[in-house]
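K.L.:
Contents are mmCIF, C-alpha atoms; file name my_file26.cif:
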```
data_structure
loop_
_atom_site.label_atom_id
_atom_site.label_comp_id
_atom_site.auth_asym_id
_atom_site.auth_seq_id
_atom_site.Cartn_x
_atom_site.Cartn_y
_atom_site.Cartn_z
CA MET A 1 -48.38 -1.60 -16.62
CA LEU A 2 -45.52 -3.06 -18.65
CA THR A 3 -43.12 -0.28 -17.66
CA HIS A 4 -43.71 -1.11 -13.99
CA ALA A 5 -43.39 -4.86 -14.58
CA ARG A 6 -39.86 -4.66 -15.92
CA PRO A 7 -38.13 -3.24 -12.83
CA MET A 8 -40.26 -5.55 -10.70
CA ALA A 9 -39.02 -8.53 -12.70
CA SER A 10 -35.42 -7.46 -12.14
CA ALA A 11 -36.00 -6.95 -8.43
CA GLY A 12 -37.71 -10.34 -8.24
CA PHE A 13 -34.66 -11.98 -9.78
CA LEU A 14 -32.39 -10.41 -7.17
CA ARG A 15 -34.65 -11.50 -4.31
CA ALA A 16 -34.66 -15.05 -5.66
CA VAL A 17 -30.87 -15.34 -5.93
CA PRO A 18 -30.16 -17.10 -2.58
CA GLY A 19 -32.90 -19.70 -3.15
CA ARG A 20 -33.40 -20.49 -6.81
CA HIS A 21 -29.81 -19.65 -7.68
CA ARG A 22 -28.00 -21.39 -4.87
CA ALA A 23 -25.20 -22.80 -7.05
CA PHE A 24 -24.43 -19.38 -8.48
CA THR A 25 -24.54 -17.76 -5.04
CA ILE A 26 -21.94 -20.28 -3.82
CA ALA A 27 -19.81 -19.72 -6.93
CA LEU A 28 -20.00 -15.96 -6.44
CA ALA A 29 -18.91 -16.29 -2.81
CA VAL A 30 -15.95 -18.45 -3.84
CA ALA A 31 -15.02 -15.94 -6.55
CA ALA A 32 -15.18 -13.12 -3.99
CA ALA A 33 -12.95 -15.10 -1.62
CA LEU A 34 -10.44 -15.62 -4.46
CA ARG A 35 -10.27 -11.87 -4.94
CA VAL A 36 -9.62 -11.36 -1.25
CA VAL A 37 -6.72 -13.81 -1.57
CA VAL A 38 -5.37 -11.80 -4.51
CA MET A 39 -5.55 -8.59 -2.44
CA LEU A 40 -3.71 -10.28 0.43
CA GLY A 41 -1.20 -12.09 -1.75
CA TYR A 42 -0.16 -9.16 -3.94
CA PRO A 43 -0.30 -5.78 -2.23
CA SER A 44 -0.89 -3.13 -3.35
CA ALA A 45 -1.63 -3.29 -7.10
CA ARG A 46 0.00 -4.22 -10.38
CA LEU A 47 1.37 -1.01 -11.89
CA TYR A 48 2.54 -0.89 -15.49
CA TRP A 49 4.94 1.66 -16.89
CA TYR A 50 3.83 3.85 -18.37
CA ASP A 51 0.07 3.15 -18.73
CA SER A 52 -0.86 2.96 -15.04
CA PHE A 53 0.97 6.16 -14.19
CA THR A 54 -0.47 8.17 -17.09
CA TYR A 55 -3.96 7.01 -16.06
CA LEU A 56 -3.34 8.12 -12.46
CA ASP A 57 -1.82 11.42 -13.55
CA ASN A 58 -4.73 12.10 -15.89
CA ALA A 59 -7.15 11.41 -13.03
CA VAL A 60 -5.58 14.29 -11.11
CA HIS A 61 -5.28 16.61 -14.14
CA LEU A 62 -8.52 15.85 -15.95
CA GLY A 63 -8.39 16.51 -19.67
CA PRO A 64 -8.18 14.68 -22.99
CA ALA A 65 -4.87 12.88 -23.32
CA ARG A 66 -3.05 13.31 -26.61
CA ALA A 67 -1.86 9.73 -27.00
CA PHE A 68 -3.60 6.39 -26.46
CA HIS A 69 -5.73 6.87 -23.35
CA PRO A 70 -9.09 8.67 -23.50
CA LEU A 71 -10.72 9.95 -20.33
CA GLY A 72 -13.13 7.13 -19.35
CA TYR A 73 -10.88 5.22 -16.97
CA PRO A 74 -9.26 8.33 -15.43
CA LEU A 75 -12.79 9.46 -14.49
CA LEU A 76 -13.20 6.30 -12.40
CA LEU A 77 -9.79 6.92 -10.83
CA ARG A 78 -10.79 10.52 -10.15
CA ALA A 79 -13.94 9.34 -8.33
CA LEU A 80 -11.67 7.25 -6.08
CA LEU A 81 -9.09 10.00 -5.59
CA PRO A 82 -10.38 10.97 -2.10
CA PHE A 83 -9.10 7.59 -0.83
CA HIS A 84 -5.57 8.27 -2.17
CA SER A 85 -4.99 4.54 -2.54
CA VAL A 86 -4.40 2.30 -5.54
CA GLY A 87 -5.38 -0.54 -3.21
CA VAL A 88 -8.90 0.89 -3.11
CA VAL A 89 -8.84 1.16 -6.92
CA VAL A 90 -8.15 -2.54 -7.40
CA ALA A 91 -10.65 -3.49 -4.67
CA VAL A 92 -13.34 -1.63 -6.62
CA GLN A 93 -12.20 -3.36 -9.81
CA HIS A 94 -12.46 -6.76 -8.16
CA ALA A 95 -16.05 -5.87 -7.24
CA MET A 96 -16.62 -4.86 -10.87
CA GLY A 97 -15.35 -8.26 -12.01
CA LEU A 98 -17.91 -9.93 -9.76
CA ALA A 99 -20.60 -7.59 -11.09
CA THR A 100 -19.74 -8.62 -14.66
CA GLY A 101 -20.30 -12.26 -13.72
CA VAL A 102 -23.65 -11.39 -12.13
CA VAL A 103 -24.80 -9.54 -15.26
CA ILE A 104 -23.86 -12.46 -17.52
CA TYR A 105 -25.62 -14.98 -15.29
CA ALA A 106 -28.75 -12.85 -14.85
CA LEU A 107 -29.10 -12.19 -18.58
CA LEU A 108 -28.75 -15.84 -19.56
CA ARG A 109 -31.22 -16.99 -16.91
CA ARG A 110 -33.60 -14.32 -18.20
CA LYS A 111 -33.20 -15.85 -21.67
CA GLY A 112 -34.17 -19.30 -20.39
CA LEU A 113 -30.78 -20.95 -19.92
CA PRO A 114 -30.70 -23.43 -17.01
CA GLY A 115 -28.73 -22.42 -13.93
CA TRP A 116 -25.77 -24.67 -14.70
CA GLY A 117 -25.50 -23.29 -18.24
CA ALA A 118 -25.61 -19.66 -17.12
CA LEU A 119 -23.07 -20.41 -14.39
CA LEU A 120 -20.69 -21.99 -16.90
CA ALA A 121 -20.96 -18.90 -19.11
CA ALA A 122 -20.16 -16.61 -16.16
CA ALA A 123 -17.38 -18.85 -14.83
CA PRO A 124 -14.48 -17.46 -16.94
CA VAL A 125 -14.89 -13.88 -15.74
CA LEU A 126 -15.37 -15.11 -12.16
CA PHE A 127 -12.54 -17.65 -11.97
CA ASP A 128 -10.03 -17.28 -14.81
CA ALA A 129 -6.63 -16.18 -13.54
CA SER A 130 -6.29 -13.66 -16.36
CA PHE A 131 -9.37 -11.77 -15.16
CA LEU A 132 -8.12 -11.82 -11.57
CA ARG A 133 -4.85 -10.29 -12.75
CA LEU A 134 -6.55 -7.64 -14.87
CA GLU A 135 -8.74 -6.58 -11.98
CA HIS A 136 -5.66 -6.25 -9.79
CA ALA A 137 -3.89 -3.89 -12.21
CA VAL A 138 -4.34 -0.15 -12.65
CA LEU A 139 -5.55 -0.63 -16.21
CA SER A 140 -8.80 0.16 -18.02
CA ASP A 141 -9.72 -3.41 -19.04
CA THR A 142 -12.04 -4.29 -16.14
CA LEU A 143 -14.12 -1.13 -16.50
CA PHE A 144 -14.27 -1.62 -20.26
CA ILE A 145 -15.50 -5.22 -19.95
CA LEU A 146 -18.20 -4.28 -17.44
CA LEU A 147 -19.47 -1.43 -19.63
CA VAL A 148 -19.68 -3.58 -22.78
CA VAL A 149 -21.31 -6.54 -21.01
CA SER A 150 -23.81 -4.24 -19.27
CA ALA A 151 -24.73 -2.50 -22.53
CA THR A 152 -25.32 -5.88 -24.18
CA ALA A 153 -27.50 -6.99 -21.27
CA VAL A 154 -29.58 -3.80 -21.34
CA LEU A 155 -30.19 -4.09 -25.09
CA THR A 156 -31.17 -7.77 -24.97
CA TRP A 157 -33.01 -8.02 -21.63
CA TRP A 158 -36.36 -7.52 -23.42
CA PRO A 159 -37.31 -8.58 -26.97
CA VAL A 160 -37.59 -4.91 -27.94
CA PRO A 161 -35.60 -2.43 -25.84
CA SER A 162 -37.53 0.54 -24.51
CA ALA A 163 -36.42 4.12 -25.15
CA ARG A 164 -35.01 4.18 -21.62
CA ALA A 165 -33.05 0.98 -22.23
CA ALA A 166 -31.74 2.36 -25.53
CA THR A 167 -30.60 5.52 -23.74
CA VAL A 168 -28.82 3.59 -20.99
CA ALA A 169 -27.19 1.23 -23.49
CA GLY A 170 -26.04 4.13 -25.65
CA LEU A 171 -24.47 5.87 -22.66
CA LEU A 172 -22.78 2.63 -21.59
CA LEU A 173 -21.33 2.10 -25.07
CA ALA A 174 -20.20 5.73 -25.16
CA GLY A 175 -18.50 5.15 -21.81
CA ALA A 176 -16.82 2.05 -23.22
CA ALA A 177 -15.56 4.00 -26.25
CA LEU A 178 -14.23 6.73 -23.97
CA THR A 179 -12.47 4.01 -21.97
CA ARG A 180 -10.99 2.18 -24.96
CA THR A 181 -11.64 3.58 -28.43
CA ILE A 182 -11.86 0.06 -29.86
CA ALA A 183 -15.49 0.09 -28.65
CA LEU A 184 -16.49 2.69 -31.27
CA PRO A 185 -17.61 0.06 -33.84
CA LEU A 186 -19.83 -1.55 -31.19
CA ILE A 187 -22.25 1.39 -31.40
CA VAL A 188 -22.62 0.81 -35.14
CA LEU A 189 -22.90 -2.94 -34.56
CA ALA A 190 -25.65 -2.47 -31.95
CA LEU A 191 -27.60 -0.18 -34.29
CA THR A 192 -27.22 -2.66 -37.16
CA VAL A 193 -28.42 -5.64 -35.10
CA LEU A 194 -31.42 -3.74 -33.76
CA ALA A 195 -32.29 -2.50 -37.25
CA VAL A 196 -32.22 -6.08 -38.57
CA ARG A 197 -34.54 -7.02 -35.69
CA ARG A 198 -36.86 -4.22 -36.88
CA VAL A 199 -36.73 -2.26 -33.68
CA PRO A 200 -38.70 1.02 -34.13
CA TRP A 201 -36.55 3.74 -35.67
CA ARG A 202 -37.16 6.10 -32.74
CA ARG A 203 -35.40 3.63 -30.42
CA LEU A 204 -32.52 3.45 -32.86
CA ALA A 205 -32.34 7.23 -32.92
CA VAL A 206 -32.30 7.35 -29.12
CA LEU A 207 -29.50 4.79 -28.99
CA ALA A 208 -27.49 6.68 -31.63
CA VAL A 209 -27.88 10.05 -29.90
CA ALA A 210 -27.08 8.65 -26.44
CA GLY A 211 -24.04 6.83 -27.82
CA LEU A 212 -22.64 9.50 -30.11
CA LEU A 213 -23.41 12.76 -28.32
CA PRO A 214 -20.94 12.17 -25.43
CA LEU A 215 -18.30 11.14 -27.97
CA ALA A 216 -18.89 14.28 -30.04
CA ALA A 217 -18.61 16.42 -26.91
CA TYR A 218 -15.34 14.76 -25.96
CA ALA A 219 -13.99 15.08 -29.52
CA ALA A 220 -14.86 18.80 -29.44
CA TRP A 221 -13.04 19.15 -26.12
CA TYR A 222 -10.06 17.32 -27.62
CA GLY A 223 -10.21 19.58 -30.67
CA GLU A 224 -10.25 22.70 -28.54
CA ARG A 225 -7.06 21.56 -26.83
CA TYR A 226 -5.13 19.93 -29.70
CA GLY A 227 -6.73 21.26 -32.88
CA HIS A 228 -8.25 17.97 -34.13
CA PHE A 229 -11.88 16.78 -33.74
CA THR A 230 -11.11 13.22 -32.64
CA LEU A 231 -11.06 10.92 -29.61
CA SER A 232 -7.37 10.04 -29.76
CA GLY A 233 -4.18 11.38 -31.19
CA ALA A 234 -2.70 7.91 -31.58
CA ASP A 235 -5.17 5.99 -33.76
CA GLY A 236 -3.12 6.55 -36.90
CA VAL A 237 0.12 5.48 -35.22
CA ALA A 238 -1.57 2.32 -33.88
CA LEU A 239 -2.98 1.40 -37.29
CA TRP A 240 0.39 2.10 -38.92
CA ALA A 241 2.03 -0.30 -36.45
CA ARG A 242 -0.51 -2.98 -37.42
CA THR A 243 0.50 -2.68 -41.09
CA MET A 244 4.21 -3.02 -40.40
CA THR A 245 3.92 -6.82 -40.20
CA PHE A 246 2.95 -7.05 -43.89
CA ALA A 247 3.48 -3.70 -45.62
CA ASP A 248 5.47 -3.92 -48.88
CA CYS A 249 6.22 -0.48 -50.25
CA ALA A 250 6.98 -1.96 -53.67
CA VAL A 251 3.28 -2.84 -53.79
CA ILE A 252 1.93 0.18 -51.91
CA ARG A 253 3.97 2.75 -53.85
CA PRO A 254 3.60 5.49 -51.25
CA SER A 255 4.05 9.17 -52.01
CA PRO A 256 7.38 10.80 -51.10
CA GLU A 257 5.72 12.24 -47.99
CA LEU A 258 4.67 8.76 -46.80
CA ALA A 259 7.76 6.82 -47.91
CA PRO A 260 9.72 7.45 -44.66
CA LEU A 261 7.09 5.35 -42.87
CA CYS A 262 7.88 2.22 -44.89
CA PRO A 263 9.32 -0.83 -43.05
CA ASN A 264 13.06 -0.39 -42.55
CA GLY A 265 14.20 -3.85 -41.44
CA THR A 266 13.36 -3.44 -37.74
CA VAL A 267 11.22 -6.44 -36.73
CA PRO A 268 9.83 -6.48 -33.16
CA ASP A 269 7.98 -9.55 -31.85
CA ALA A 270 4.49 -8.01 -32.10
CA ALA A 271 2.77 -5.40 -34.24
CA SER A 272 2.12 -3.09 -31.28
CA GLU A 273 5.85 -2.95 -30.53
CA TYR A 274 6.50 -0.93 -33.70
CA VAL A 275 5.06 2.04 -31.80
CA TRP A 276 7.84 1.83 -29.21
CA ALA A 277 10.79 0.15 -30.97
CA PRO A 278 13.57 2.76 -31.24
CA GLY A 279 14.56 1.48 -34.68
CA ALA A 280 11.03 1.53 -36.14
CA ALA A 281 10.54 3.97 -39.00
CA ILE A 282 8.25 6.37 -37.15
CA ASN A 283 10.70 6.65 -34.26
CA ARG A 284 13.54 7.62 -36.57
CA LEU A 285 11.67 10.71 -37.70
CA PRO A 286 12.41 13.97 -35.84
CA GLY A 287 10.14 14.94 -32.95
CA ASP A 288 7.35 13.06 -31.19
CA ARG A 289 5.95 9.93 -32.87
CA PHE A 290 2.37 11.12 -32.30
CA ALA A 291 3.03 14.28 -34.26
CA TYR A 292 2.90 12.00 -37.33
CA ASN A 293 -0.50 10.51 -36.44
CA ASP A 294 -2.36 11.79 -39.53
CA ARG A 295 0.46 10.80 -41.88
CA ALA A 296 0.69 7.36 -40.26
CA ARG A 297 -3.06 6.84 -40.69
CA THR A 298 -2.84 7.74 -44.38
CA PHE A 299 0.05 5.32 -44.89
CA ALA A 300 -1.84 2.53 -43.07
CA LEU A 301 -5.00 3.00 -45.14
CA CYS A 302 -2.93 2.92 -48.33
CA ALA A 303 -1.23 -0.28 -47.16
CA ILE A 304 -4.55 -1.96 -46.32
CA ALA A 305 -6.07 -0.92 -49.67
CA ALA A 306 -3.03 -2.25 -51.56
CA GLN A 307 -2.70 -5.49 -49.56
CA PRO A 308 -6.16 -6.32 -48.14
CA LEU A 309 -5.59 -10.09 -47.95
CA ASP A 310 -2.26 -9.65 -46.16
CA TYR A 311 -3.97 -7.34 -43.67
CA LEU A 312 -6.81 -9.80 -43.01
CA ARG A 313 -4.36 -12.69 -42.66
CA ASP A 314 -2.29 -10.93 -40.01
CA VAL A 315 -5.35 -9.73 -38.11
CA ALA A 316 -6.75 -13.28 -38.09
CA LYS A 317 -3.39 -14.69 -37.00
CA ASP A 318 -3.08 -12.34 -34.03
CA THR A 319 -6.75 -12.71 -33.09
CA ALA A 320 -6.26 -16.48 -32.91
CA LEU A 321 -3.69 -15.96 -30.12
CA ALA A 322 -6.56 -15.13 -27.76
CA PHE A 323 -7.97 -18.63 -28.20
CA ALA A 324 -4.82 -20.62 -27.48
CA TRP A 325 -5.31 -23.19 -24.72
CA THR A 326 -2.09 -22.11 -23.01
CA PRO A 327 -1.87 -18.30 -22.71
CA ILE A 328 0.69 -16.70 -25.00
CA ALA A 329 2.74 -13.64 -24.09
CA ARG A 330 2.52 -11.32 -27.09
CA PRO A 331 4.66 -9.24 -27.08
CA ALA A 332 7.15 -11.30 -25.11
CA ARG A 333 7.70 -8.55 -22.53
CA THR A 334 4.09 -8.87 -21.32
CA VAL A 335 2.90 -11.38 -18.74
CA PRO A 336 0.23 -13.88 -19.86
CA ALA A 337 -2.54 -15.26 -17.67
CA PHE A 338 -0.14 -17.65 -15.93
CA GLY A 339 1.42 -14.63 -14.28
CA PHE A 340 1.00 -15.14 -10.54
CA ALA A 341 4.53 -15.59 -9.23
CA HIS A 342 6.74 -14.99 -6.23
CA GLY A 343 8.85 -11.87 -6.02
CA SER A 344 8.60 -8.10 -6.02
CA TRP A 345 8.05 -5.63 -8.81
CA PRO A 346 9.55 -2.24 -7.88
CA LEU A 347 8.50 1.02 -9.47
CA PRO A 348 10.75 2.29 -12.28
CA ASP A 349 13.65 4.45 -11.13
CA GLY A 350 14.30 7.98 -12.27
CA GLN A 351 10.84 8.66 -13.69
CA PRO A 352 9.47 12.07 -12.58
CA LEU A 353 5.91 10.90 -13.25
CA VAL A 354 6.21 8.26 -10.50
CA GLY A 355 7.06 10.90 -7.93
CA GLN A 356 4.29 13.13 -9.19
CA VAL A 357 1.70 10.34 -8.88
CA ARG A 358 3.00 9.56 -5.38
CA ARG A 359 2.55 13.19 -4.34
CA GLN A 360 -0.84 13.75 -5.93
CA TYR A 361 -2.68 10.41 -5.99
CA ASP A 362 -1.27 7.88 -3.50
CA PRO A 363 1.53 8.92 -1.10
CA ASP A 364 2.03 5.28 -0.13
CA ILE A 365 2.24 3.89 -3.65
CA THR A 366 4.83 1.12 -3.99
CA GLY A 367 5.62 -1.67 -6.37
CA MET A 368 3.69 -4.91 -6.02
CA ARG A 369 5.14 -7.83 -4.01
CA SER A 370 4.02 -11.37 -3.25
CA VAL A 371 3.03 -12.44 0.25
CA ARG A 372 2.98 -16.07 1.40
CA PRO A 373 0.92 -18.21 1.85
CA TYR A 374 -1.66 -16.36 -0.26
CA ALA A 375 0.62 -16.07 -3.27
CA ASP A 376 1.42 -19.81 -3.01
CA LEU A 377 -2.27 -20.57 -3.31
CA LEU A 378 -2.67 -18.40 -6.41
CA VAL A 379 0.45 -19.76 -8.11
CA ALA A 380 -0.98 -23.26 -7.70
CA TYR A 381 -4.54 -22.18 -8.54
CA GLN A 382 -3.66 -20.70 -11.94
CA GLN A 383 -2.35 -24.07 -13.14
CA VAL A 384 -5.76 -25.70 -12.83
CA ALA A 385 -8.19 -22.78 -13.13
#
```
Before we go any further, please render this structure as C-alpha cells.

P.N.:
Amino acid sequence: MLTHARPMASAGFLRAVPGRHRAFTIALAVAAALRVVVMLGYPSARLYWYDSFTYLDNAVHLGPARAFHPLGYPLLLRALLPFHSVGVVVAVQHAMGLATGVVIYALLRRKGLPGWGALLAAAPVLFDASFLRLEHAVLSDTLFILLVVSATAVLTWWPVPSARAATVAGLLLAGAALTRTIALPLIVLALTVLAVRRVPWRRLAVLAVAGLLPLAAYAAWYGERYGHFTLSGADGVALWARTMTFADCAVIRPSPELAPLCPNGTVPDAASEYVWAPGAAINRLPGDRFAYNDRARTFALCAIAAQPLDYLRDVAKDTALAFAWTPIARPARTVPAFGFAHGSWPLPDGQPLVGQVRRQYDPDITGMRSVRPYADLLVAYQQVA
C-alpha cells in the first residue's frame, strides 16, 4: 500500500500546482519568459574555447577524454546530435534550469515549508543572472546542478529512502560524477548521512552499488584506452595547480623527481591558471602537461601533507569568493554573473577543432551576438536581479 501511495503523492502534488501553488506557477512562468528573452537576445549560444568545442567533439566521437572532461555531458550532447544545433542544446538546458527550480520547490513543500519559503529557496536558480548565463553556454554546469539537486531530493523525499529511491539516487550521483568529477565525494557523503540516520544497511548497499558500479565501468573503459583505472587524466594536474598558491619547497623537500614541479616565480591570478600559464613549472617540462598527471598528484599530496594549514587557508579563501555580494571574476579572463553585454563574440580563428565541430555537430554554428531590445532588457535586469 505504501509503495503505491508514494507515486500517488507525487502525482497529487503536480495536479495541485496551478491551484495551491499559484505564486510558484506565476514565478515559473516569469522565469520561463526570461529564458525566452535570453534565447532571443543572445543567439545562438555562449561557446568557450576550448571547453565547449571539446564537449561537442566528444559527443560525436564518444569515448573517455584524457584530460578534464568525463563523458556525462557529451552524452547529453550526443542525444541532441540529431538536431545539429547548439541552439537546441541551450534551449534544453534552459528547461533543465526550470526543472531544478521545480525540484527544489517541490521538495521543500514536501518537507512542510510554506509556499513563500520554498519559492524563495528556488528563486536563485530561477532568476539569478549567473544561472541564466550558465544555461545559455555549452558547458556541463546546468546538467551537473540538476543531477545533484535531483539526487538530494530523491534521498530526502521520504524519511527512509526505499531501495528504488536509493538506486535512482545512486545513478543520479554517478551521472553527476561522470559529468564533473568533483561530485565523487558526494556519494560518500550521502552514504555517511544515511548511515548516521540509521537507514537499513541494504539500502546503503544499493546506493553504493548504483553509484559506484557505473563509475567503475567508466574507469575500466578509460583504463582500456589509456592504461590507468581512473575517471580523469587531469586530477593530479588540477590538484598540483591548487597547491601552487602556497607550496614552499623548502618545507616540502620534494624528491629530485618531483622538484621540477616546484613554484618557479610564475604567479597567475588564480590557482586554476597554473594549468595553462606558459611559464608555470609543469608547462616548462617536455611534452604534454597531462603526461605528468601522476607525478603532479604525488607532488600535490606531499605539499598538502607538509603545509595542511596553508592548503586549508587558500581553499577557504577561494571558496569565500562564491559568497561575495558582487560577483568576482576569478580568474580575471572569465566573465562573472554580471556578464550580459552588447557586442559579438566570434569563434576563435585558426582552430581546426572549430571547423570539425561545424562539420560534424552544427553546420550553422557561429559566435554569440547580442540582439536589441532583448539584450537591453537583460543588461538592465542583471543589475537588480

K.L.:
For range 276-287 of chain A, work out the shell of residues within 10 Å, counting all atoms listed in the file and skipping chain neighbours fewer than 2 positions away, then give it as a PyMOL selection string.

P.N.:
chain A and resi 237+240-241+244+259-268+272-274+289-293+296

K.L.:
Can you tell me which residues surround Ala151 in chain A at a distance of at most 8 Å, considering all atoms listed in the file, apart from same-chain residues fewer than 6 positions away, and format the answer as a list in words?

P.N.:
Val168, Ala169, Gly170, Leu172 and Leu173 of chain A

K.L.:
Looking at all atoms listed in the file, which of A:Tyr374, A:Trp221, A:Tyr73, A:Tyr311 is the one that sits closest to Gly175 in chain A?

P.N.:
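Nearest candidate to Gly175 in chain A out of A:Tyr374, A:Trp221, A:Tyr73, A:Tyr311: A:Tyr73.
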
K.L.:
With all atoms listed in the file as the basis for distance, which of A:Pro185, A:Thr245, A:Arg22, A:Phe53 is at the shortest distance from Gln351 in chain A?

P.N.:
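Of the candidates, the smallest distance to Gln351 in chain A is held by A:Phe53.
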
K.L.:
Could you tell me which residues the PyMOL selection byres ((chain A and resi 325-335) around 9) grabs in this file, written as a list of chain:residue names?

P.N.:
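So the PyMOL selection byres ((chain A and resi 325-335) around 9) ends up selecting A:Pro268, A:Asp269, A:Ala270, A:Ala271, A:Ser272, A:Glu273, A:Asp318, A:Leu321, A:Ala322, A:Phe323, A:Ala324, A:Pro336, A:Ala337, A:Phe338, A:Gly339.
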
K.L.:
What does the distance from CA of Ser85 in chain A to CA of Asp362 in chain A come to in Å, to one decimal?

P.N.:
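Taking CA of Ser85 in chain A and CA of Asp362 in chain A, their separation equals 5.1 Å.
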
K.L.:
For this file, the PyMOL selection byres ((chain A and resi 130) around 10) selects which residues, as a CSV table (one decimal) with C-alpha atoms, in the coordinates of the input?

P.N.:
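Output file part.csv is given in full below:
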```
chain,number,residue,atom,x,y,z
A,124,PRO,CA,-14.5,-17.5,-16.9
A,125,VAL,CA,-14.9,-13.9,-15.7
A,127,PHE,CA,-12.5,-17.6,-12.0
A,128,ASP,CA,-10.0,-17.3,-14.8
A,129,ALA,CA,-6.6,-16.2,-13.5
A,131,PHE,CA,-9.4,-11.8,-15.2
A,132,LEU,CA,-8.1,-11.8,-11.6
A,133,ARG,CA,-4.8,-10.3,-12.8
A,134,LEU,CA,-6.6,-7.6,-14.9
A,135,GLU,CA,-8.7,-6.6,-12.0
A,136,HIS,CA,-5.7,-6.2,-9.8
A,327,PRO,CA,-1.9,-18.3,-22.7
A,335,VAL,CA,2.9,-11.4,-18.7
A,336,PRO,CA,0.2,-13.9,-19.9
A,337,ALA,CA,-2.5,-15.3,-17.7
A,338,PHE,CA,-0.1,-17.6,-15.9
A,339,GLY,CA,1.4,-14.6,-14.3
A,340,PHE,CA,1.0,-15.1,-10.5
A,382,GLN,CA,-3.7,-20.7,-11.9
A,385,ALA,CA,-8.2,-22.8,-13.1
```

K.L.:
With distances taken over only C-alpha atoms, which residue among A:Leu108, A:Val149, A:Leu143, A:Ala210 lies nearest Leu120 in chain A?

P.N.:
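With only C-alpha atoms as the atom set, the closest residue is A:Leu108.
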
K.L.:
Compute the distance from (4.6, -16.9, -4.5) to each atom, counting only C-alpha atoms, keep the residues with any atom at most 8 Å away, and return them as an NGL selection string; use the coordinates of the file.

P.N.:
:A and (340-343 or 370-379)

K.L.:
Could you rebuild range 250-255 of chain A with all heavy atoms and give me the result as a PDB file, in the frame of the given file?

P.N.:
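Final file, out.pdb:
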```pdb
ATOM      1  N   ALA A 250       6.923  -1.734 -52.222  1.00  0.00           N
ATOM      2  CA  ALA A 250       6.980  -1.960 -53.670  1.00  0.00           C
ATOM      3  C   ALA A 250       5.571  -2.152 -54.230  1.00  0.00           C
ATOM      4  O   ALA A 250       5.308  -1.855 -55.397  1.00  0.00           O
ATOM      5  CB  ALA A 250       7.841  -3.173 -53.980  1.00  0.00           C
ATOM      6  N   VAL A 251       4.674  -2.661 -53.388  1.00  0.00           N
ATOM      7  CA  VAL A 251       3.280  -2.840 -53.790  1.00  0.00           C
ATOM      8  C   VAL A 251       2.466  -1.583 -53.487  1.00  0.00           C
ATOM      9  O   VAL A 251       1.632  -1.149 -54.288  1.00  0.00           O
ATOM     10  CB  VAL A 251       2.669  -4.061 -53.051  1.00  0.00           C
ATOM     11  CG1 VAL A 251       1.193  -4.212 -53.395  1.00  0.00           C
ATOM     12  CG2 VAL A 251       3.435  -5.327 -53.397  1.00  0.00           C
ATOM     13  N   ILE A 252       2.716  -0.984 -52.355  1.00  0.00           N
ATOM     14  CA  ILE A 252       1.930   0.180 -51.910  1.00  0.00           C
ATOM     15  C   ILE A 252       2.245   1.407 -52.761  1.00  0.00           C
ATOM     16  O   ILE A 252       1.356   2.200 -53.085  1.00  0.00           O
ATOM     17  CB  ILE A 252       2.220   0.475 -50.422  1.00  0.00           C
ATOM     18  CG1 ILE A 252       1.862  -0.735 -49.562  1.00  0.00           C
ATOM     19  CG2 ILE A 252       1.447   1.701 -49.950  1.00  0.00           C
ATOM     20  CD1 ILE A 252       2.377  -0.642 -48.127  1.00  0.00           C
ATOM     21  N   ARG A 253       3.508   1.593 -53.101  1.00  0.00           N
ATOM     22  CA  ARG A 253       3.970   2.750 -53.850  1.00  0.00           C
ATOM     23  C   ARG A 253       3.543   4.055 -53.175  1.00  0.00           C
ATOM     24  O   ARG A 253       2.781   4.849 -53.743  1.00  0.00           O
ATOM     25  CB  ARG A 253       3.463   2.719 -55.296  1.00  0.00           C
ATOM     26  CG  ARG A 253       3.964   1.521 -56.082  1.00  0.00           C
ATOM     27  CD  ARG A 253       3.447   1.539 -57.498  1.00  0.00           C
ATOM     28  NE  ARG A 253       3.890   0.380 -58.241  1.00  0.00           N
ATOM     29  CZ  ARG A 253       3.548   0.112 -59.510  1.00  0.00           C
ATOM     30  NH1 ARG A 253       2.750   0.954 -60.151  1.00  0.00           N
ATOM     31  NH2 ARG A 253       4.006  -0.959 -60.115  1.00  0.00           N
ATOM     32  N   PRO A 254       4.018   4.288 -51.975  1.00  0.00           N
ATOM     33  CA  PRO A 254       3.600   5.490 -51.250  1.00  0.00           C
ATOM     34  C   PRO A 254       4.180   6.758 -51.853  1.00  0.00           C
ATOM     35  O   PRO A 254       5.196   6.721 -52.561  1.00  0.00           O
ATOM     36  CB  PRO A 254       4.164   5.243 -49.846  1.00  0.00           C
ATOM     37  CG  PRO A 254       5.366   4.385 -50.068  1.00  0.00           C
ATOM     38  CD  PRO A 254       4.996   3.492 -51.231  1.00  0.00           C
ATOM     39  N   SER A 255       3.547   7.874 -51.570  1.00  0.00           N
ATOM     40  CA  SER A 255       4.050   9.170 -52.010  1.00  0.00           C
ATOM     41  C   SER A 255       5.351   9.490 -51.284  1.00  0.00           C
ATOM     42  O   SER A 255       5.660   8.884 -50.254  1.00  0.00           O
ATOM     43  CB  SER A 255       3.011  10.250 -51.705  1.00  0.00           C
ATOM     44  OG  SER A 255       2.868  10.402 -50.303  1.00  0.00           O
TER      45      SER A 255
END
```
